Structures are given as structure tokens and as C-alpha cells.
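Asker: You'll find final.cif just under this line, and it carries mmCIF, C-alpha atoms.
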data_start
loop_
_atom_site.group_PDB
_atom_site.id
_atom_site.type_symbol
_atom_site.label_atom_id
_atom_site.label_comp_id
_atom_site.auth_asym_id
_atom_site.auth_seq_id
_atom_site.Cartn_x
_atom_site.Cartn_y
_atom_site.Cartn_z
ATOM 1 C CA GLY A 11 -47.689 -64.862 -213.538
ATOM 2 C CA GLN A 12 -49.180 -64.478 -210.097
ATOM 3 C CA ASN A 13 -47.665 -65.342 -206.723
ATOM 4 C CA ILE A 14 -49.322 -65.094 -203.322
ATOM 5 C CA ASP A 15 -47.647 -65.577 -199.941
ATOM 6 C CA GLN A 16 -49.227 -65.857 -196.522
ATOM 7 C CA PRO A 17 -48.122 -67.523 -193.270
ATOM 8 C CA THR A 18 -48.998 -71.180 -192.941
ATOM 9 C CA GLU A 19 -50.209 -71.120 -189.354
ATOM 10 C CA MET A 20 -50.984 -68.626 -186.587
ATOM 11 C CA THR A 21 -52.189 -68.943 -183.010
ATOM 12 C CA ALA A 22 -54.096 -66.316 -181.050
ATOM 13 C CA THR A 23 -56.055 -66.002 -177.822
ATOM 14 C CA GLU A 24 -59.800 -65.637 -177.469
ATOM 15 C CA GLY A 25 -60.767 -61.969 -177.164
ATOM 16 C CA ALA A 26 -57.522 -60.733 -178.720
ATOM 17 C CA ILE A 27 -56.753 -59.174 -182.111
ATOM 18 C CA VAL A 28 -54.867 -60.994 -184.873
ATOM 19 C CA GLN A 29 -53.478 -59.750 -188.175
ATOM 20 C CA ILE A 30 -52.985 -62.144 -191.092
ATOM 21 C CA ASN A 31 -50.673 -60.814 -193.762
ATOM 22 C CA CYS A 32 -50.674 -61.503 -197.477
ATOM 23 C CA THR A 33 -48.178 -60.377 -200.093
ATOM 24 C CA TYR A 34 -48.734 -60.808 -203.783
ATOM 25 C CA GLN A 35 -47.239 -60.292 -207.204
ATOM 26 C CA THR A 36 -49.447 -60.044 -210.251
ATOM 27 C CA SER A 37 -49.404 -58.600 -213.744
ATOM 28 C CA GLY A 38 -52.582 -56.562 -213.696
ATOM 29 C CA PHE A 39 -54.645 -56.170 -210.560
ATOM 30 C CA ASN A 40 -58.418 -56.210 -210.202
ATOM 31 C CA GLY A 41 -58.888 -56.818 -206.510
ATOM 32 C CA LEU A 42 -57.756 -58.707 -203.442
ATOM 33 C CA PHE A 43 -60.179 -61.013 -201.683
ATOM 34 C CA TRP A 44 -60.301 -62.818 -198.338
ATOM 35 C CA TYR A 45 -62.138 -66.055 -197.692
ATOM 36 C CA GLN A 46 -62.736 -68.071 -194.544
ATOM 37 C CA GLN A 47 -62.750 -71.862 -194.627
ATOM 38 C CA HIS A 48 -63.619 -74.032 -191.651
ATOM 39 C CA ALA A 49 -62.236 -77.554 -191.633
ATOM 40 C CA GLY A 50 -64.180 -79.835 -193.962
ATOM 41 C CA GLU A 51 -66.308 -77.008 -195.312
ATOM 42 C CA ALA A 52 -66.425 -74.758 -198.369
ATOM 43 C CA PRO A 53 -64.683 -71.370 -198.466
ATOM 44 C CA THR A 54 -66.943 -68.403 -197.795
ATOM 45 C CA PHE A 55 -66.320 -64.853 -198.954
ATOM 46 C CA LEU A 56 -65.279 -62.362 -196.254
ATOM 47 C CA SER A 57 -64.135 -59.140 -197.874
ATOM 48 C CA TYR A 58 -62.421 -57.504 -200.816
ATOM 49 C CA ASN A 59 -60.261 -54.481 -201.553
ATOM 50 C CA VAL A 60 -59.807 -52.796 -204.892
ATOM 51 C CA LEU A 61 -58.473 -49.441 -203.729
ATOM 52 C CA ASP A 62 -55.802 -48.719 -201.118
ATOM 53 C CA GLY A 63 -56.965 -48.441 -197.552
ATOM 54 C CA LEU A 64 -58.976 -50.178 -194.898
ATOM 55 C CA GLU A 65 -62.352 -51.840 -195.365
ATOM 56 C CA GLU A 66 -64.241 -52.648 -192.175
ATOM 57 C CA LYS A 67 -66.996 -55.233 -191.801
ATOM 58 C CA GLY A 68 -67.913 -55.779 -188.184
ATOM 59 C CA ARG A 69 -65.121 -57.616 -186.347
ATOM 60 C CA PHE A 70 -63.232 -58.142 -189.604
ATOM 61 C CA SER A 71 -61.230 -55.518 -191.492
ATOM 62 C CA SER A 72 -59.046 -55.812 -194.564
ATOM 63 C CA PHE A 73 -56.287 -53.477 -195.691
ATOM 64 C CA LEU A 74 -54.647 -53.055 -199.088
ATOM 65 C CA SER A 75 -51.531 -51.334 -200.357
ATOM 66 C CA ARG A 76 -51.275 -51.827 -204.109
ATOM 67 C CA SER A 77 -47.869 -50.177 -204.387
ATOM 68 C CA LYS A 78 -46.429 -52.644 -201.874
ATOM 69 C CA GLY A 79 -48.385 -55.681 -203.067
ATOM 70 C CA TYR A 80 -49.571 -56.158 -199.511
ATOM 71 C CA SER A 81 -52.790 -56.835 -197.694
ATOM 72 C CA TYR A 82 -53.820 -57.902 -194.236
ATOM 73 C CA LEU A 83 -56.940 -59.258 -192.610
ATOM 74 C CA LEU A 84 -57.564 -58.003 -189.088
ATOM 75 C CA LEU A 85 -59.792 -59.997 -186.777
ATOM 76 C CA LYS A 86 -60.898 -58.316 -183.547
ATOM 77 C CA GLU A 87 -62.467 -59.744 -180.388
ATOM 78 C CA LEU A 88 -61.500 -63.229 -181.436
ATOM 79 C CA GLN A 89 -63.945 -66.016 -180.788
ATOM 80 C CA MET A 90 -63.360 -69.765 -180.787
ATOM 81 C CA LYS A 91 -65.476 -70.058 -183.932
ATOM 82 C CA ASP A 92 -62.890 -67.924 -185.768
ATOM 83 C CA SER A 93 -60.570 -70.937 -185.797
ATOM 84 C CA ALA A 94 -60.355 -71.627 -189.530
ATOM 85 C CA SER A 95 -58.160 -71.199 -192.587
ATOM 86 C CA TYR A 96 -58.066 -67.721 -194.099
ATOM 87 C CA LEU A 97 -57.422 -67.612 -197.824
ATOM 88 C CA CYS A 98 -55.993 -64.608 -199.620
ATOM 89 C CA ALA A 99 -56.858 -64.415 -203.316
ATOM 90 C CA VAL A 100 -55.989 -62.007 -206.110
ATOM 91 C CA ALA A 101 -57.913 -61.248 -209.284
ATOM 92 C CA GLY A 102 -55.717 -60.195 -212.142
ATOM 93 C CA GLY A 103 -53.391 -61.455 -214.786
ATOM 94 C CA ALA A 104 -54.132 -61.730 -218.474
ATOM 95 C CA THR A 105 -57.457 -63.527 -218.010
ATOM 96 C CA ASN A 106 -58.583 -61.831 -214.751
ATOM 97 C CA LYS A 107 -59.098 -65.113 -212.911
ATOM 98 C CA LEU A 108 -59.098 -65.453 -209.124
ATOM 99 C CA ILE A 109 -55.931 -67.127 -207.849
ATOM 100 C CA PHE A 110 -55.696 -68.285 -204.234
ATOM 101 C CA GLY A 111 -52.833 -68.422 -201.784
ATOM 102 C CA THR A 112 -52.290 -71.577 -199.751
ATOM 103 C CA GLY A 113 -54.134 -70.169 -196.740
ATOM 104 C CA THR A 114 -53.321 -69.373 -193.112
ATOM 105 C CA LEU A 115 -54.621 -71.786 -190.486
ATOM 106 C CA LEU A 116 -55.645 -69.766 -187.437
ATOM 107 C CA ALA A 117 -56.075 -71.514 -184.097
ATOM 108 C CA VAL A 118 -57.890 -69.531 -181.420
ATOM 109 C CA GLN A 119 -57.087 -70.721 -177.918
ATOM 110 C CA PRO A 120 -59.074 -70.082 -174.711
ATOM 111 C CA ASP B 17 -83.014 -69.882 -201.477
ATOM 112 C CA ALA B 18 -80.473 -70.012 -204.270
ATOM 113 C CA GLU B 19 -77.691 -72.506 -203.828
ATOM 114 C CA ILE B 20 -74.892 -74.443 -205.475
ATOM 115 C CA THR B 21 -74.769 -78.203 -205.022
ATOM 116 C CA GLN B 22 -72.199 -80.828 -205.895
ATOM 117 C CA SER B 23 -72.563 -84.565 -206.289
ATOM 118 C CA PRO B 24 -71.361 -87.003 -205.300
ATOM 119 C CA ARG B 25 -69.928 -85.644 -202.051
ATOM 120 C CA HIS B 26 -67.620 -88.629 -201.718
ATOM 121 C CA LYS B 27 -66.395 -91.055 -204.361
ATOM 122 C CA ILE B 28 -63.818 -93.806 -204.520
ATOM 123 C CA THR B 29 -62.758 -95.019 -207.939
ATOM 124 C CA GLU B 30 -59.993 -96.974 -209.612
ATOM 125 C CA THR B 31 -57.163 -95.764 -211.798
ATOM 126 C CA GLY B 32 -58.187 -95.488 -215.435
ATOM 127 C CA ARG B 33 -61.916 -95.113 -214.878
ATOM 128 C CA GLN B 34 -63.889 -92.132 -216.133
ATOM 129 C CA VAL B 35 -65.441 -90.018 -213.388
ATOM 130 C CA THR B 36 -67.892 -87.127 -213.614
ATOM 131 C CA LEU B 37 -68.512 -84.684 -210.792
ATOM 132 C CA ALA B 38 -71.732 -82.720 -211.050
ATOM 133 C CA CYS B 39 -72.223 -79.063 -210.147
ATOM 134 C CA HIS B 40 -75.630 -77.366 -210.201
ATOM 135 C CA GLN B 41 -76.357 -73.771 -209.221
ATOM 136 C CA THR B 42 -79.649 -71.943 -208.915
ATOM 137 C CA TRP B 43 -78.133 -68.448 -208.595
ATOM 138 C CA ASN B 44 -78.511 -67.936 -212.362
ATOM 139 C CA HIS B 45 -74.837 -66.993 -212.439
ATOM 140 C CA ASN B 46 -73.041 -66.876 -215.781
ATOM 141 C CA ASN B 47 -69.618 -67.596 -214.274
ATOM 142 C CA MET B 48 -68.786 -71.079 -212.998
ATOM 143 C CA PHE B 49 -65.485 -72.526 -211.839
ATOM 144 C CA TRP B 50 -63.909 -75.806 -210.776
ATOM 145 C CA TYR B 51 -61.062 -75.815 -208.249
ATOM 146 C CA ARG B 52 -59.153 -78.608 -206.576
ATOM 147 C CA GLN B 53 -57.746 -78.253 -203.075
ATOM 148 C CA ASP B 54 -54.706 -80.164 -201.874
ATOM 149 C CA LEU B 55 -52.602 -79.775 -198.763
ATOM 150 C CA GLY B 56 -49.760 -77.375 -199.430
ATOM 151 C CA HIS B 57 -51.229 -76.103 -202.696
ATOM 152 C CA GLY B 58 -54.403 -74.344 -201.727
ATOM 153 C CA LEU B 59 -57.176 -73.912 -204.263
ATOM 154 C CA ARG B 60 -56.063 -74.354 -207.867
ATOM 155 C CA LEU B 61 -58.243 -73.520 -210.851
ATOM 156 C CA ILE B 62 -59.008 -76.419 -213.192
ATOM 157 C CA HIS B 63 -61.552 -75.054 -215.687
ATOM 158 C CA TYR B 64 -63.975 -72.181 -215.831
ATOM 159 C CA SER B 65 -66.892 -70.933 -217.908
ATOM 160 C CA TYR B 66 -68.296 -67.456 -218.447
ATOM 161 C CA GLY B 67 -71.523 -68.626 -220.051
ATOM 162 C CA VAL B 68 -73.318 -71.317 -222.011
ATOM 163 C CA HIS B 69 -71.029 -73.096 -224.484
ATOM 164 C CA ASP B 70 -67.995 -71.198 -223.113
ATOM 165 C CA THR B 71 -65.209 -73.189 -221.417
ATOM 166 C CA ASN B 72 -61.629 -72.253 -220.574
ATOM 167 C CA LYS B 73 -58.593 -74.020 -219.142
ATOM 168 C CA GLY B 74 -57.238 -73.073 -215.749
ATOM 169 C CA GLU B 75 -53.795 -73.670 -214.310
ATOM 170 C CA VAL B 76 -54.193 -77.447 -213.747
ATOM 171 C CA SER B 77 -56.484 -78.577 -216.583
ATOM 172 C CA ASP B 78 -54.592 -81.640 -217.868
ATOM 173 C CA GLY B 79 -56.714 -84.786 -217.500
ATOM 174 C CA TYR B 80 -59.948 -82.846 -216.935
ATOM 175 C CA SER B 81 -62.723 -81.564 -219.184
ATOM 176 C CA VAL B 82 -65.923 -79.582 -218.729
ATOM 177 C CA SER B 83 -68.961 -78.725 -220.817
ATOM 178 C CA ARG B 84 -71.564 -75.980 -220.374
ATOM 179 C CA SER B 85 -74.848 -76.779 -222.091
ATOM 180 C CA ASN B 86 -77.008 -74.608 -219.819
ATOM 181 C CA THR B 87 -76.601 -71.868 -217.211
ATOM 182 C CA GLU B 88 -77.144 -74.100 -214.179
ATOM 183 C CA ASP B 89 -74.661 -76.953 -214.709
ATOM 184 C CA LEU B 90 -70.917 -77.389 -215.179
ATOM 185 C CA PRO B 91 -69.965 -81.066 -214.880
ATOM 186 C CA LEU B 92 -66.288 -81.921 -214.464
ATOM 187 C CA THR B 93 -65.043 -85.109 -216.142
ATOM 188 C CA LEU B 94 -61.860 -86.981 -215.405
ATOM 189 C CA GLU B 95 -61.284 -88.911 -218.610
ATOM 190 C CA SER B 96 -58.982 -91.548 -217.079
ATOM 191 C CA ALA B 97 -58.596 -91.112 -213.347
ATOM 192 C CA ALA B 98 -55.088 -91.094 -211.901
ATOM 193 C CA SER B 99 -53.929 -91.311 -208.276
ATOM 194 C CA SER B 100 -52.599 -87.748 -208.603
ATOM 195 C CA GLN B 101 -56.204 -86.618 -209.028
ATOM 196 C CA THR B 102 -57.129 -87.703 -205.511
ATOM 197 C CA SER B 103 -58.291 -84.409 -204.049
ATOM 198 C CA VAL B 104 -61.201 -82.323 -202.821
ATOM 199 C CA TYR B 105 -62.976 -80.623 -205.702
ATOM 200 C CA PHE B 106 -64.929 -77.397 -205.286
ATOM 201 C CA CYS B 107 -67.336 -75.898 -207.745
ATOM 202 C CA ALA B 108 -68.062 -72.167 -207.513
ATOM 203 C CA SER B 109 -70.136 -69.552 -209.286
ATOM 204 C CA SER B 110 -70.274 -65.778 -209.488
ATOM 205 C CA GLU B 111 -72.209 -63.001 -211.154
ATOM 206 C CA SER B 112 -71.027 -61.835 -214.555
ATOM 207 C CA ASN B 113 -69.365 -58.667 -213.284
ATOM 208 C CA GLN B 114 -67.811 -60.310 -210.219
ATOM 209 C CA VAL B 115 -64.397 -61.858 -210.569
ATOM 210 C CA GLY B 116 -63.697 -62.429 -206.900
ATOM 211 C CA GLU B 117 -66.881 -62.927 -204.893
ATOM 212 C CA LEU B 118 -67.431 -66.620 -205.468
ATOM 213 C CA PHE B 119 -70.127 -68.855 -204.024
ATOM 214 C CA PHE B 120 -68.746 -72.328 -203.394
ATOM 215 C CA GLY B 121 -70.385 -75.724 -203.319
ATOM 216 C CA GLU B 122 -69.715 -78.034 -200.370
ATOM 217 C CA GLY B 123 -67.024 -79.972 -202.196
ATOM 218 C CA SER B 124 -66.568 -83.470 -203.586
ATOM 219 C CA ARG B 125 -63.889 -85.683 -202.078
ATOM 220 C CA LEU B 126 -62.475 -88.007 -204.735
ATOM 221 C CA THR B 127 -60.140 -90.902 -203.984
ATOM 222 C CA VAL B 128 -58.448 -92.697 -206.872
ATOM 223 C CA LEU B 129 -56.996 -96.085 -205.919
#
Can you dump the structure from the file as C-alpha cells?

Answerer:
Amino acid sequence: GQNIDQPTEMTATEGAIVQINCTYQTSGFNGLFWYQQHAGEAPTFLSYNVLDGLEEKGRFSSFLSRSKGYSYLLLKELQMKDSASYLCAVAGGATNKLIFGTGTLLAVQP
Amino acid sequence: DAEITQSPRHKITETGRQVTLACHQTWNHNNMFWYRQDLGHGLRLIHYSYGVHDTNKGEVSDGYSVSRSNTEDLPLTLESAASSQTSVYFCASSESNQVGELFFGEGSRLTVL
């Protein structure tokens, strides 16, 4: 089966950097994905990693270590609008479906 | 612009009634998915389809069914609604070769009394 763990809540300050961690266990791995979800809205795709290393997209970066079953999402120069839930998801398993973690609720404070 | 739309956005129903949530996408995506989102559980996969006439069960499929008669639509039916099915339901779609980059609809909030 698949199991995904991420912190429930985090708080950070506007302008700072925050790292949201995700650990996973899966039989078969086809990618790790990060989504952003503002309250009352649909999730939107942020980034994905298939190979080990860091992927950078503007203020957001995502890192993957397949051997450790570990990923993180790094948000730089935090803005108030970054307050949202960040969902870690893994594609894998026997049927290669996307399975989501429970999400990390990030609160950005002034 | 291509989009994915769900209807109704909000619905209140009674236990035992049949309910159908509609999902329509104009991306021309082969893959379509239904998830439910509950506090403490995150997004859980109910059913999914990889093309017309293809349907598959997800991790929480009991009490739900889907049908795929064309590329654009994947309606989700609750045969006999139960209070445990009170939730926010999200439909999503993706390209055939994409397992993880999903485009989500705005969600349907269902309350079963």
C-alpha cells in the first residue's frame, strides 16, 4: 500500500522561507507531486519530482530523495497569499494512481 | 479556454435518496477522477476512468458508481445516500500520459441529512 505523512499545520512570517516536509512509502514510484489549496477552493498543481534533486519554479522549489522516501516543498519570500494547504501526493502502487497526503495548513503572518 | 465544471456546487439531500453529481471537462482529457475530501483524511479516490466505457474503483468506492459514455463527462452517483457521504467532492482530469498533474473542478459540497 501507500502511506504519506506531512505536518498538519505550520506558521511562518511574511518575507521568510518555509520548508514543508513529506515522507512516503509506496510499492512502485512514478512521481511525487505538490498541490496548493486555498480554503474553499480546488487544489491546483504546483510541481512534481520524478528524479532525485531539486526542481525550482520561481519562489517555489521541490526536492526529492527516492532512497529516503522524502520530499520537501520550499517557499521563499513568503506572501500573505501563500496561506493555504499544501498537499503532497505520490503516484505509484499497482495501478499507478495518485494518492494524497492529508495536507499541511500554512499560515503566513505579517 | 478549456475547463472542468461540476454541478451542483451545493446540495442537501436526505438519507436513502439517489444523488448524481455531474462533471464536465472540455480539456479532451482521457483520464477523469472523483475524489472526496474530509477533514483529517485529505483527498481520497472514489472512482476513476482512463477513457470511454472504462471505469475503475478507487480506495473508497462503496456506495458510489460512475459511468463514462463520452470523453467529456463522468457523473458520480450515490445509489442510496448515507450521512457518512456528507463531504466535498472534487472531479479532476488529466492527459493520458499524466498520472499526477490533475486539473480539478471547483468541488461539490454534499450534505446528507

Asker: Excluding Asn72 of chain B and residues on its chain fewer than 2 positions from it, collect all residues at most 9 Å away from it, counting all atoms listed in the file, and give them as number ranges by chain.

Answerer: B: 62-66, 70, 74, 82

Asker: For Leu115 of chain A, which residue out of A:Tyr34, A:Tyr45, A:Tyr58, A:Tyr96 is the nearest one, using all atoms listed in the file?

Answerer: A:Tyr96

Asker: How many Å lie between atom CA of Leu126 of chain B and atom CA of Ser103 of chain B, rounded to one decimal?

Answerer: 5.6 Å

Asker: Any idea what's packed within 9 Å of Gln47 of chain A, counting only C-alpha atoms, ignoring anything in its chain fewer than 6 positions away? Could you give it as a ChimeraX atom specification?

Answerer: /A:53-55,94-97

Asker: Could you write out as a list in words the residues of chain A within 8 Å of chain B, counting only C-alpha atoms?

Answerer: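 Here they are: Gly41, Leu42, Phe43, Glu51, Ala52, Pro53, Thr54, Phe55, Tyr58, Ala99, Val100, Ala101, Asn106, Lys107, Leu108, Ile109, Phe110, Gly111, Thr112 and Gly113 of chain A.
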
Asker: Please provide as a PyMOL selection string all residues within 7 Å of Asn44 of chain B, with the sequence filter that same-chain residues fewer than 2 positions apart are discarded (counting all atoms listed in the file).

Answerer: chain B and resi 41-42+46+87-88

Asker: State, in Å with one decimal place, the distance from atom CA of Thr105 of chain A to atom CA of Gly38 of chain A.

Answerer: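 Those two atoms sit 9.5 Å apart.
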
Asker: Would you write out, as JSON, numbers by chain, every residue that the PyMOL selection byres ((chain A and resi 26) around 8) captures in this file?

Answerer: {"A": [22, 23, 24, 25, 27, 28, 86, 87, 88]}

Asker: Return the single residue from A:Ser77, A:Thr114, A:Ser72, A:Gln46 that is closest to Thr18 of chain A, with distances computed using all atoms listed in the file.

Answerer: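 Checking each of A:Ser77, A:Thr114, A:Ser72, A:Gln46 against Thr18 of chain A, counting all atoms listed in the file, the winner is A:Thr114.
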
Asker: One decimal, in Å: what's the spacing between atom CA of Ser96 of chain B and atom CA of Tyr80 of chain B?

Answerer: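 So the answer is 8.8 Å.
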
Asker: Near Glu65 of chain A, within 12 Å and counting only C-alpha atoms, which residues show up once chain neighbours fewer than 4 positions away are dropped, as a VMD selection string?

Answerer: chain A and resid 42 to 44 56 to 61 69 to 75 81 to 84

Asker: Hey, can I get the axis-aligned box for segment 69-81 of chain B? All listed atoms, 4 Å padding on each side, centre and edge lengths in Å to one decimal, as JSON.

Answerer:
{"center_x": -62.4, "center_y": -78.0, "center_z": -219.1, "size_x": 25.2, "size_y": 21.6, "size_z": 18.7}

Asker: Check the smallest atom-to-atom distance from each of A:Ser37, A:Gln12, A:Thr21, A:Gln89 to Leu116 of chain A using all atoms listed in the file, then report the winner.

Answerer: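 Of the candidates, the smallest distance to Leu116 of chain A is held by A:Thr21.
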